[in-house]
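Report on one structure; see the data block that follows.
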Amino acid sequence: MLKATLVSSEEELEQIHFLNRQNLKQNISRDEQLKEGFVTWLYPLPLLQKMHDMTPSVIVKDDERVVGFALTTLAAA
């Protein structure tokens, strides 16, 4: 069952980082890029943690596994 929630653990941040790496444009086929989309920027785990410390990101989980994410960040002042 899919459930949308906010990031609440380091393990979830690690799963975001894994999905981020897995879906980089250079890591997927052109057909998959056209069908599913892709990401162009790899967010290092320490940066994800800093972003989370300011404002948690939204994730979608299938049981305990993160299957989707929407990173949130605050605008620079």
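Chain labels follow the order of the structure tokens: the first chain is A, the next B, and so on; residue numbering restarts at 1 in every chain, and ligands are counted from 1 in their shown order.
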
Which residues come within 12 Å of A:Thr73, counting only C-alpha atoms, excluding same-chain residues fewer than 6 positions away, as a PyMOL selection string?
-> chain A and resi 47-58

Would you list, as a ChimeraX atom specification, the residues of chain A that end up in strand (DSSP E) under DSSP run on this structure's backbone?
-> /A:2-6,58-62,65-70

Near A:Val66, counting only C-alpha atoms, which residues have an atom at most 7 Å away, once you skip same-chain residues fewer than 2 positions from it, shown as a list in words?
-> Glu12, Gln15, Ile16, Ile59, Val60, Lys61, Asp62, Glu64 and Gly68 of chain A

Pick out the residues sitting within 12 Å of stretch 22-31 of chain A, and hand them over as a list in words; count only C-alpha atoms, and ignore anything fewer than 3 positions along from it in its own chain.
-> Gln15, Ile16, His17, Phe18, Leu19, Leu34, Lys35, Glu36, Gly37, Phe38, Val39, Thr40, Trp41, Leu42, Tyr43, Val67, Gly68 and Phe69 of chain A

With N, CA and C atoms kept, could you save the residues just selected as a PDB file, in the first residue's frame?
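Result saved to part_21.pdb:
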ATOM      1  N   GLN A  15      17.473   6.016   1.403  1.00  0.00           N
ATOM      2  CA  GLN A  15      16.675   5.459   0.310  1.00  0.00           C
ATOM      3  C   GLN A  15      16.432   6.505  -0.783  1.00  0.00           C
ATOM      4  N   ILE A  16      16.224   7.773  -0.392  1.00  0.00           N
ATOM      5  CA  ILE A  16      16.110   8.851  -1.381  1.00  0.00           C
ATOM      6  C   ILE A  16      17.401   8.939  -2.181  1.00  0.00           C
ATOM      7  N   HIS A  17      18.526   8.918  -1.482  1.00  0.00           N
ATOM      8  CA  HIS A  17      19.831   9.009  -2.138  1.00  0.00           C
ATOM      9  C   HIS A  17      20.013   7.853  -3.126  1.00  0.00           C
ATOM     10  N   PHE A  18      19.610   6.649  -2.736  1.00  0.00           N
ATOM     11  CA  PHE A  18      19.689   5.488  -3.621  1.00  0.00           C
ATOM     12  C   PHE A  18      18.837   5.700  -4.871  1.00  0.00           C
ATOM     13  N   LEU A  19      17.575   6.125  -4.689  1.00  0.00           N
ATOM     14  CA  LEU A  19      16.692   6.367  -5.837  1.00  0.00           C
ATOM     15  C   LEU A  19      17.238   7.477  -6.724  1.00  0.00           C
ATOM     16  N   LEU A  34      12.320   8.649 -21.641  1.00  0.00           N
ATOM     17  CA  LEU A  34      11.118   9.166 -22.294  1.00  0.00           C
ATOM     18  C   LEU A  34       9.843   8.699 -21.601  1.00  0.00           C
ATOM     19  N   LYS A  35       9.842   7.478 -21.118  1.00  0.00           N
ATOM     20  CA  LYS A  35       8.647   6.900 -20.493  1.00  0.00           C
ATOM     21  C   LYS A  35       8.466   7.350 -19.044  1.00  0.00           C
ATOM     22  N   GLU A  36       9.551   7.317 -18.266  1.00  0.00           N
ATOM     23  CA  GLU A  36       9.453   7.521 -16.820  1.00  0.00           C
ATOM     24  C   GLU A  36      10.046   8.837 -16.318  1.00  0.00           C
ATOM     25  N   GLY A  37      10.874   9.474 -17.154  1.00  0.00           N
ATOM     26  CA  GLY A  37      11.569  10.668 -16.699  1.00  0.00           C
ATOM     27  C   GLY A  37      12.903  10.308 -16.070  1.00  0.00           C
ATOM     28  N   PHE A  38      13.586  11.314 -15.538  1.00  0.00           N
ATOM     29  CA  PHE A  38      14.912  11.098 -14.968  1.00  0.00           C
ATOM     30  C   PHE A  38      15.264  12.287 -14.086  1.00  0.00           C
ATOM     31  N   VAL A  39      16.346  12.186 -13.344  1.00  0.00           N
ATOM     32  CA  VAL A  39      16.872  13.308 -12.567  1.00  0.00           C
ATOM     33  C   VAL A  39      18.244  13.671 -13.121  1.00  0.00           C
ATOM     34  N   THR A  40      18.621  14.938 -12.951  1.00  0.00           N
ATOM     35  CA  THR A  40      19.877  15.410 -13.535  1.00  0.00           C
ATOM     36  C   THR A  40      20.921  15.761 -12.488  1.00  0.00           C
ATOM     37  N   TRP A  41      20.549  15.761 -11.230  1.00  0.00           N
ATOM     38  CA  TRP A  41      21.464  16.199 -10.177  1.00  0.00           C
ATOM     39  C   TRP A  41      21.527  15.139  -9.090  1.00  0.00           C
ATOM     40  N   LEU A  42      22.729  14.759  -8.700  1.00  0.00           N
ATOM     41  CA  LEU A  42      22.909  13.827  -7.585  1.00  0.00           C
ATOM     42  C   LEU A  42      23.061  14.623  -6.301  1.00  0.00           C
ATOM     43  N   TYR A  43      22.134  14.447  -5.389  1.00  0.00           N
ATOM     44  CA  TYR A  43      22.191  15.101  -4.089  1.00  0.00           C
ATOM     45  C   TYR A  43      22.995  14.234  -3.133  1.00  0.00           C
ATOM     46  N   VAL A  67       9.588   4.788  -2.504  1.00  0.00           N
ATOM     47  CA  VAL A  67       9.451   4.556  -3.941  1.00  0.00           C
ATOM     48  C   VAL A  67       9.325   5.856  -4.738  1.00  0.00           C
ATOM     49  N   GLY A  68       9.220   6.979  -4.034  1.00  0.00           N
ATOM     50  CA  GLY A  68       9.135   8.272  -4.696  1.00  0.00           C
ATOM     51  C   GLY A  68       9.463   9.378  -3.715  1.00  0.00           C
ATOM     52  N   PHE A  69       9.894  10.525  -4.250  1.00  0.00           N
ATOM     53  CA  PHE A  69      10.218  11.635  -3.356  1.00  0.00           C
ATOM     54  C   PHE A  69      10.047  12.965  -4.076  1.00  0.00           C
TER      55      PHE A  69
END

Two-atom distance - atom CA of A:Met1, atom CA of A:Asp63 (Å) | 6.2 Å

Just the alpha helix (DSSP H) stuff from chain A, please, per backbone DSSP, written as JSON, numbers by chain.
-> {"A": [10, 11, 12, 13, 14, 15, 16, 17, 18, 19, 20, 21, 22, 30, 31, 32, 33, 34, 35, 36, 45, 46, 47, 48, 49, 50, 51, 52, 53, 54]}

Interatomic distance (Å, one decimal) between atom CA of A:Glu14 and atom CA of A:Ala76 = 24.9 Å
